[in-house]
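File shown: final.cif (mmCIF, C-alpha atoms).
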data_entry
loop_
_atom_site.label_atom_id
_atom_site.label_comp_id
_atom_site.auth_asym_id
_atom_site.auth_seq_id
_atom_site.Cartn_x
_atom_site.Cartn_y
_atom_site.Cartn_z
CA MET A 1 -80.97 -115.46 8.29
CA ARG A 2 -80.55 -111.71 7.74
CA ARG A 3 -83.54 -109.56 8.62
CA GLU A 4 -84.82 -107.22 5.95
CA GLY A 5 -85.61 -103.60 6.71
CA LYS A 6 -83.57 -100.94 8.45
CA SER A 7 -79.85 -101.48 8.58
CA ARG A 8 -77.84 -100.83 11.73
CA LYS A 9 -76.65 -97.56 10.17
CA ASP A 10 -80.23 -96.44 9.55
CA PHE A 11 -81.24 -97.45 13.06
CA ASN A 12 -78.43 -95.43 14.59
CA ASN A 13 -79.67 -92.26 12.94
CA LYS A 14 -82.56 -92.02 15.40
CA PRO A 15 -80.49 -91.26 18.50
CA ASN A 16 -78.77 -88.48 16.57
CA ALA A 17 -82.12 -86.87 15.88
CA LYS A 18 -83.05 -87.22 19.53
CA SER A 19 -79.69 -85.78 20.50
CA THR A 20 -80.30 -82.74 18.31
CA PHE A 21 -83.73 -82.26 19.86
CA ARG A 22 -82.24 -82.64 23.34
CA THR A 23 -79.62 -80.01 22.53
CA ARG A 24 -82.34 -77.55 21.52
CA GLN A 25 -84.30 -78.34 24.67
CA ASN A 26 -81.22 -77.83 26.85
CA ALA A 27 -80.56 -74.48 25.21
CA LYS A 28 -84.16 -73.46 25.83
CA LYS A 29 -83.93 -74.65 29.42
CA SER A 30 -80.76 -72.61 29.90
CA VAL A 31 -82.66 -69.43 29.02
CA GLU A 32 -85.64 -70.34 31.16
CA ASP A 33 -83.75 -71.27 34.34
CA GLY A 34 -81.31 -68.36 34.15
CA LYS A 35 -78.22 -70.55 34.09
CA MET A 36 -75.22 -70.09 31.81
CA ARG A 37 -72.23 -72.17 30.80
CA LEU A 38 -69.33 -71.91 33.20
CA ASN A 39 -66.90 -70.77 30.51
CA LYS A 40 -69.22 -67.88 29.61
CA PHE A 41 -69.54 -66.94 33.28
CA ILE A 42 -65.74 -66.72 33.54
CA ALA A 43 -65.48 -64.72 30.30
CA ASN A 44 -68.15 -62.27 31.47
CA ALA A 45 -66.12 -61.75 34.64
CA GLY A 46 -63.34 -60.37 32.42
CA ILE A 47 -60.79 -63.10 33.12
CA CYS A 48 -60.32 -64.41 29.59
CA SER A 49 -62.16 -65.60 26.49
CA ARG A 50 -64.56 -68.56 26.58
CA ARG A 51 -62.10 -70.75 24.71
CA GLU A 52 -59.36 -69.93 27.21
CA ALA A 53 -61.80 -70.49 30.07
CA ASP A 54 -62.33 -74.08 28.86
CA LYS A 55 -58.60 -74.70 29.28
CA PHE A 56 -58.63 -73.32 32.82
CA ILE A 57 -61.66 -75.45 33.71
CA GLU A 58 -59.95 -78.54 32.33
CA ALA A 59 -56.83 -77.67 34.35
CA GLY A 60 -58.88 -77.78 37.55
CA VAL A 61 -58.40 -74.18 38.73
CA VAL A 62 -62.15 -73.41 38.85
CA THR A 63 -64.51 -74.34 41.68
CA VAL A 64 -68.27 -73.96 41.99
CA ASN A 65 -69.67 -73.81 45.52
CA GLY A 66 -66.39 -75.19 46.85
CA VAL A 67 -66.24 -78.16 44.46
CA GLY A 68 -63.71 -78.42 41.64
CA VAL A 69 -65.30 -78.57 38.18
CA THR A 70 -63.56 -79.95 35.10
CA GLU A 71 -66.69 -80.85 33.10
CA MET A 72 -67.07 -79.05 29.77
CA GLY A 73 -70.51 -77.50 29.38
CA PHE A 74 -71.15 -77.26 33.13
CA ARG A 75 -73.81 -74.64 33.85
CA VAL A 76 -74.04 -72.28 36.81
CA SER A 77 -76.77 -70.08 38.25
CA PRO A 78 -76.38 -66.45 39.35
CA THR A 79 -76.38 -67.54 43.01
CA ASP A 80 -73.51 -70.04 42.64
CA GLU A 81 -70.13 -69.16 44.13
CA VAL A 82 -67.55 -69.47 41.36
CA LYS A 83 -63.86 -69.17 42.22
CA PHE A 84 -60.88 -68.90 39.90
CA ASN A 85 -57.55 -69.75 41.56
CA GLY A 86 -59.27 -69.28 44.91
CA GLN A 87 -60.69 -65.84 44.09
CA ARG A 88 -64.43 -65.38 43.82
CA LEU A 89 -65.72 -64.18 40.45
CA LYS A 90 -68.69 -62.00 39.70
CA SER A 91 -70.08 -62.35 36.20
CA ASP A 92 -71.22 -59.05 34.74
CA THR A 93 -74.14 -58.65 32.38
CA PRO A 94 -72.79 -58.23 28.84
CA ARG A 95 -73.04 -54.59 27.73
CA TYR A 96 -72.61 -53.02 24.29
CA VAL A 97 -72.32 -49.23 24.05
CA LEU A 98 -71.76 -47.17 20.90
CA LEU A 99 -70.16 -43.73 21.21
CA ASN A 100 -69.88 -40.96 18.62
CA LYS A 101 -66.39 -39.88 19.65
CA PRO A 102 -65.54 -36.17 19.47
CA LYS A 103 -62.13 -34.68 18.75
CA ASN A 104 -59.54 -34.10 21.49
CA TYR A 105 -60.48 -37.16 23.55
CA SER A 106 -57.79 -39.79 23.98
CA GLY A 107 -58.64 -43.32 22.85
CA ARG A 108 -56.65 -44.81 25.73
CA VAL A 109 -58.40 -46.47 28.66
CA ASP A 110 -56.04 -44.66 31.03
CA SER A 111 -54.72 -41.49 29.39
CA GLY A 112 -53.25 -39.86 32.50
CA SER A 113 -54.23 -36.59 34.11
CA ASN A 114 -53.39 -34.22 31.24
CA THR A 115 -55.71 -35.65 28.58
CA VAL A 116 -59.41 -36.48 28.81
CA SER A 117 -60.14 -40.11 27.91
CA VAL A 118 -63.12 -41.46 25.99
CA MET A 119 -63.81 -43.52 29.12
CA GLN A 120 -65.14 -40.34 30.73
CA LEU A 121 -67.87 -40.15 28.10
CA VAL A 122 -69.29 -43.64 28.78
CA LYS A 123 -68.70 -43.96 32.52
CA GLN A 124 -72.42 -43.39 33.24
CA ALA A 125 -73.60 -45.92 30.62
CA CYS A 126 -73.73 -48.86 33.06
CA LYS A 127 -72.25 -50.18 36.31
CA GLU A 128 -70.13 -52.76 34.46
CA ARG A 129 -66.61 -51.82 33.41
CA LEU A 130 -66.38 -51.34 29.64
CA PHE A 131 -63.47 -51.31 27.23
CA PRO A 132 -63.21 -50.01 23.64
CA VAL A 133 -62.87 -52.80 21.06
CA ASP A 134 -60.30 -50.73 19.12
CA LYS A 135 -58.85 -47.21 19.16
CA LEU A 136 -59.43 -43.85 17.59
CA ASN A 137 -56.64 -41.42 18.42
CA LYS A 138 -57.07 -37.94 19.85
CA SER A 139 -57.61 -36.24 16.48
CA GLU A 140 -59.93 -38.91 15.02
CA THR A 141 -63.70 -38.92 15.48
CA GLY A 142 -66.71 -41.14 14.91
CA LEU A 143 -68.03 -44.51 15.97
CA LEU A 144 -66.32 -46.30 18.84
CA LEU A 145 -67.77 -49.47 20.36
CA PHE A 146 -67.39 -50.36 24.05
CA THR A 147 -68.19 -53.72 25.65
CA ASN A 148 -67.30 -56.15 28.42
CA ASP A 149 -67.93 -59.09 26.08
CA THR A 150 -64.35 -60.35 25.73
CA ASP A 151 -65.12 -62.80 22.91
CA LEU A 152 -66.74 -60.15 20.73
CA ALA A 153 -64.08 -57.56 21.55
CA LYS A 154 -61.34 -59.97 20.53
CA LYS A 155 -63.07 -60.74 17.24
CA LEU A 156 -63.80 -57.11 16.30
CA GLY A 157 -60.50 -55.68 17.52
CA GLY A 158 -58.10 -58.41 16.42
CA SER A 159 -55.37 -57.89 13.85
CA LYS A 160 -57.13 -60.32 11.47
CA LYS A 161 -60.56 -58.75 11.80
CA ASN A 162 -62.65 -58.47 8.66
CA VAL A 163 -65.10 -55.75 9.65
CA LYS A 164 -66.43 -53.21 7.18
CA GLU A 165 -65.65 -49.61 8.14
CA ILE A 166 -66.41 -46.38 6.28
CA TYR A 167 -64.47 -43.16 6.86
CA GLN A 168 -64.94 -39.59 5.74
CA ILE A 169 -61.42 -38.21 5.35
CA THR A 170 -60.13 -34.68 4.81
CA LEU A 171 -56.64 -34.38 3.30
CA ASP A 172 -54.23 -31.44 3.45
CA LYS A 173 -54.62 -30.96 -0.32
CA ASN A 174 -56.78 -32.15 -3.20
CA LEU A 175 -56.40 -35.80 -4.15
CA SER A 176 -55.46 -36.02 -7.82
CA GLN A 177 -57.44 -38.24 -10.14
CA VAL A 178 -54.23 -40.15 -10.92
CA ASN A 179 -53.62 -40.95 -7.25
CA LEU A 180 -57.28 -41.83 -6.76
CA GLU A 181 -56.99 -44.42 -9.53
CA ASN A 182 -53.65 -45.63 -8.09
CA ILE A 183 -55.32 -46.31 -4.74
CA ARG A 184 -58.17 -48.13 -6.46
CA GLU A 185 -55.67 -50.36 -8.24
CA GLY A 186 -53.66 -50.96 -5.07
CA VAL A 187 -50.54 -49.38 -3.56
CA PHE A 188 -47.44 -51.41 -2.66
CA MET A 189 -46.31 -50.67 0.91
CA ASN A 190 -45.05 -52.58 3.94
CA GLY A 191 -44.04 -55.44 1.67
CA ARG A 192 -47.47 -56.01 0.16
CA THR A 193 -50.08 -54.41 -2.07
CA ILE A 194 -52.74 -52.52 -0.13
CA LYS A 195 -56.13 -52.25 -1.79
CA LEU A 196 -59.13 -50.57 -0.19
CA ASP A 197 -62.66 -51.92 -0.64
CA SER A 198 -63.61 -48.62 -2.28
CA ILE A 199 -62.58 -44.96 -2.45
CA SER A 200 -64.25 -41.93 -4.03
CA TYR A 201 -64.61 -38.17 -3.84
CA ILE A 202 -67.52 -37.00 -1.67
CA ASN A 203 -70.27 -35.49 -3.83
CA GLY A 204 -70.58 -31.73 -3.53
CA LYS A 205 -67.31 -31.38 -1.61
CA ASP A 206 -63.79 -30.30 -2.52
CA LYS A 207 -61.41 -32.89 -3.94
CA ASN A 208 -59.60 -33.17 -0.60
CA GLU A 209 -62.67 -34.74 1.05
CA ILE A 210 -62.68 -38.47 0.43
CA GLY A 211 -64.95 -41.39 1.27
CA VAL A 212 -63.15 -44.65 2.06
CA GLU A 213 -64.49 -48.14 2.69
CA ASN A 214 -62.11 -50.66 4.19
CA SER A 215 -62.32 -54.03 5.96
CA ASN A 216 -58.71 -54.62 7.04
CA GLY A 217 -55.98 -52.64 8.76
CA GLY A 218 -58.05 -49.96 10.48
CA THR A 219 -57.44 -46.22 10.45
CA LYS A 220 -53.66 -46.49 10.80
CA LEU A 221 -53.22 -48.36 7.52
CA VAL A 222 -55.51 -45.97 5.62
CA LYS A 223 -53.57 -42.93 6.83
CA GLN A 224 -50.25 -44.60 5.97
CA LEU A 225 -51.53 -45.25 2.46
CA PHE A 226 -52.22 -41.53 1.87
CA GLU A 227 -48.85 -40.62 3.41
CA LYS A 228 -47.16 -42.98 0.95
CA LEU A 229 -48.57 -40.85 -1.88
CA GLY A 230 -47.64 -37.52 -0.25
CA TYR A 231 -50.88 -36.60 1.52
CA ARG A 232 -51.49 -35.85 5.18
CA THR A 233 -54.80 -36.79 6.81
CA VAL A 234 -56.20 -33.70 8.52
CA LYS A 235 -59.50 -35.23 9.67
CA LEU A 236 -60.83 -38.78 9.88
CA ASP A 237 -64.41 -39.55 10.89
CA ARG A 238 -65.61 -43.16 11.16
CA VAL A 239 -69.25 -43.11 10.06
CA PHE A 240 -69.90 -46.86 9.69
CA LEU A 241 -68.66 -49.80 11.78
CA GLY A 242 -69.77 -53.38 11.12
CA GLY A 243 -73.35 -52.41 10.30
CA LEU A 244 -73.58 -49.62 12.90
CA THR A 245 -74.07 -45.99 11.83
CA LYS A 246 -74.14 -42.54 13.44
CA LYS A 247 -77.83 -42.06 12.69
CA ASP A 248 -79.56 -40.22 15.57
CA LEU A 249 -76.33 -40.28 17.58
CA PRO A 250 -74.90 -36.75 18.04
CA ARG A 251 -71.21 -36.19 18.63
CA LYS A 252 -70.13 -36.91 22.24
CA HIS A 253 -73.25 -39.01 22.91
CA TYR A 254 -73.62 -42.77 23.32
CA ARG A 255 -76.37 -45.37 23.14
CA HIS A 256 -76.80 -49.06 23.98
CA LEU A 257 -77.01 -51.47 21.05
CA THR A 258 -80.24 -53.29 20.28
CA GLN A 259 -80.33 -57.09 20.39
CA ASP A 260 -80.59 -57.19 16.60
CA GLU A 261 -77.41 -55.11 16.30
CA ILE A 262 -75.60 -57.36 18.77
CA ASN A 263 -76.62 -60.43 16.77
CA ILE A 264 -75.29 -58.84 13.56
CA LEU A 265 -71.90 -58.17 15.18
CA ARG A 266 -71.71 -61.74 16.46
CA ARG A 267 -72.24 -63.06 12.92
CA LEU A 268 -69.40 -61.03 11.42
#
Same coordinates, now as structure tokens:
Amino acid sequence: MRREGKSRKDFNNKPNAKSTFRTRQNAKKSVEDGKMRLNKFIANAGICSRREADKFIEAGVVTVNGVGVTEMGFRVSPTDEVKFNGQRLKSDTPRYVLLNKPKNYSGRVDSGSNTVSVMQLVKQACKERLFPVDKLNKSETGLLLFTNDTDLAKKLGGSKKNVKEIYQITLDKNLSQVNLENIREGVFMNGRTIKLDSISYINGKDKNEIGVENSNGGTKLVKQLFEKLGYRTVKLDRVFLGGLTKKDLPRKHYRHLTQDEINILRRL
């Protein structure tokens, strides 16, 4: 005789609810006991991304306190000895530093002895080694983000990034209304039609000063677009980057991001 009431399917829903609760409790415990997932520890050490770290853990090249670990989700404490291919790792605290880059500073991490690098401007920001998530060349200015968070850097600096950026651009001559409308409609170049999020003259300025909003391709693509129409970019200043602005950040100065700002970048 079949019993009435909850079916097996209904009954099996309960462990799922418990599992969800247990997941939340484990996450809370992770914060409280100071431990972090092993893949994050490896990523913070600058070896690779968290996803790549999972592959290395699975391959058996990671040890914790002398014992090989292949378990996904394994957590380590700051006092644990973690080795990758026999070499001890030190996981740095994630840092996020925003610089208002001035002109005549190279965007390269190592620019040689003849040119001053942007790295000189942030070297006192923290003891951890930072890297810019993308590049502004020597003549370009504005917001430049530095971090040792490899996952975030890869997302914000990748070729397929979709991060809103706003530039104030000065051209070598006035931009005609016809060309302004052409850019708004889209310009065919590099085998495809390039269309900016928005473009307009800057109020109260000459017609060679332009405001541009773009989410793909970075500064290089924007400059190429103007070159296609016969204009040379004299100045380019990035004033907005993924929700970050230059407010209260003078040229050549830097500041650390707030936790709210970091969370916004992670959600992009």
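Relative to CA of Asn162 (chain A), CA of Cys126 (chain A) is found at 28.5 Å.
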So, counting all atoms listed in the file, which residue among A:Val67, A:Leu268, A:Leu144, A:Val62 is closest to Gly86 (chain A)?
-> A:Val62
Written as a PyMOL selection string, which residues does the PyMOL selection byres ((chain A and resi 179-195) around 9) give for the file shown?
-> chain A and resi 175-178+196-201+214+221+224-226+228-229
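Taking CA of Ser49 (chain A) and CA of Leu244 (chain A) as endpoints, the distance between them is 23.9 Å.
Across A:Lys155, A:Lys247, A:Lys252, A:Arg95, the tightest approach to Ser117 (chain A) is made by A:Lys252 when counting only C-alpha atoms.
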Identify, on the basis of all atoms listed in the file, every residue whose closest approach to region 231-239 of chain A does not exceed 6 Å; exclude the query and any residue fewer than 4 positions from it along the same chain; express the result as a list of chain:residue names.
-> A:Glu140, A:Thr141, A:Gly142, A:Leu143, A:Ile166, A:Tyr167, A:Gln168, A:Ile169, A:Thr170, A:Leu171, A:Asp172, A:Phe226, A:Glu227, A:Thr245, A:Lys246
Give, as lines of an AutoDock Vina configuration file, the centre coordinates and the x, y and z edge lengths in Å to one decimal for an axis-aligned box around all listed atoms of region 92-103 of chain A, padded by 5 Å on each side.
center_x = -68.1
center_y = -46.9
center_z = 26.7
size_x = 22.0
size_y = 34.4
size_z = 26.1
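Running the PyMOL selection byres ((chain A and resi 264) around 12) on this file leaves Leu152, Leu156, Val163, Leu241, Gly242, Gly243, Leu244, Leu257, Thr258, Gln259, Asp260, Glu261, Ile262, Asn263, Leu265, Arg266, Arg267 and Leu268 of chain A selected.
Here CA of Arg37 (chain A) is placed at a distance of 21.7 Å from CA of Leu130 (chain A).
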Written as a PDB file with C-alpha atoms, keeping the file's coordinate frame, what is the full residue list that the PyMOL selection byres ((chain A and resi 99) around 10) yields on the file shown?
ATOM      1  CA  VAL A  97     -72.320 -49.230  24.050  1.00  0.00           C
ATOM      2  CA  LEU A  98     -71.760 -47.170  20.900  1.00  0.00           C
ATOM      3  CA  ASN A 100     -69.880 -40.960  18.620  1.00  0.00           C
ATOM      4  CA  LYS A 101     -66.390 -39.880  19.650  1.00  0.00           C
ATOM      5  CA  PRO A 102     -65.540 -36.170  19.470  1.00  0.00           C
ATOM      6  CA  VAL A 118     -63.120 -41.460  25.990  1.00  0.00           C
ATOM      7  CA  LEU A 121     -67.870 -40.150  28.100  1.00  0.00           C
ATOM      8  CA  VAL A 122     -69.290 -43.640  28.780  1.00  0.00           C
ATOM      9  CA  PRO A 132     -63.210 -50.010  23.640  1.00  0.00           C
ATOM     10  CA  THR A 141     -63.700 -38.920  15.480  1.00  0.00           C
ATOM     11  CA  GLY A 142     -66.710 -41.140  14.910  1.00  0.00           C
ATOM     12  CA  LEU A 143     -68.030 -44.510  15.970  1.00  0.00           C
ATOM     13  CA  LEU A 144     -66.320 -46.300  18.840  1.00  0.00           C
ATOM     14  CA  LEU A 145     -67.770 -49.470  20.360  1.00  0.00           C
ATOM     15  CA  PHE A 146     -67.390 -50.360  24.050  1.00  0.00           C
ATOM     16  CA  LYS A 246     -74.140 -42.540  13.440  1.00  0.00           C
ATOM     17  CA  LEU A 249     -76.330 -40.280  17.580  1.00  0.00           C
ATOM     18  CA  PRO A 250     -74.900 -36.750  18.040  1.00  0.00           C
ATOM     19  CA  ARG A 251     -71.210 -36.190  18.630  1.00  0.00           C
ATOM     20  CA  LYS A 252     -70.130 -36.910  22.240  1.00  0.00           C
ATOM     21  CA  HIS A 253     -73.250 -39.010  22.910  1.00  0.00           C
ATOM     22  CA  TYR A 254     -73.620 -42.770  23.320  1.00  0.00           C
ATOM     23  CA  ARG A 255     -76.370 -45.370  23.140  1.00  0.00           C
ATOM     24  CA  HIS A 256     -76.800 -49.060  23.980  1.00  0.00           C
TER      25      HIS A 256
END
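Between Gln87 (chain A) and the candidates A:Asp206, A:Ile42, A:Asp248, A:Asn137, the tightest atom-to-atom separation, counting all atoms listed in the file, involves A:Ile42.
Of the residues listed (A:Asn65, A:Asn39, A:Gln124, A:Asn104), A:Asn65 shows the shortest atom-to-atom separation from Arg88 (chain A); distances use all atoms listed in the file.
Here the residues that fall within 8 Å of (-71.4, -72.9, 42.8), using all atoms listed in the file, are given as Thr63, Val64, Asn65, Gly66, Val67, Val76, Ser77, Thr79, Asp80, Glu81 and Val82 of chain A.
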Extract, using all atoms listed in the file, all DNA, RNA and protein residues at most 9 Å from Met119 (chain A), discarding same-chain residues fewer than 4 positions from it, and format them as an mmCIF file with C-alpha atoms, in the coordinates of the input.
data_model
loop_
_atom_site.group_PDB
_atom_site.id
_atom_site.type_symbol
_atom_site.label_atom_id
_atom_site.label_comp_id
_atom_site.auth_asym_id
_atom_site.auth_seq_id
_atom_site.Cartn_x
_atom_site.Cartn_y
_atom_site.Cartn_z
ATOM 1 C CA SER A 106 -57.790 -39.790 23.980
ATOM 2 C CA GLY A 107 -58.640 -43.320 22.850
ATOM 3 C CA ARG A 108 -56.650 -44.810 25.730
ATOM 4 C CA VAL A 109 -58.400 -46.470 28.660
ATOM 5 C CA ASP A 110 -56.040 -44.660 31.030
ATOM 6 C CA LYS A 123 -68.700 -43.960 32.520
ATOM 7 C CA LEU A 130 -66.380 -51.340 29.640
ATOM 8 C CA PHE A 131 -63.470 -51.310 27.230
ATOM 9 C CA PRO A 132 -63.210 -50.010 23.640
#
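The smallest atom-to-atom distance between Thr147 (chain A) and any of A:Thr219, A:Asn208, A:Asn85, A:Thr93, using all atoms listed in the file, is found for A:Thr93.
Using only C-alpha atoms, the shortest contact distance between Lys40 (chain A) and any of A:Lys55, A:Lys161, A:Arg75, A:Lys207 is found at A:Arg75.
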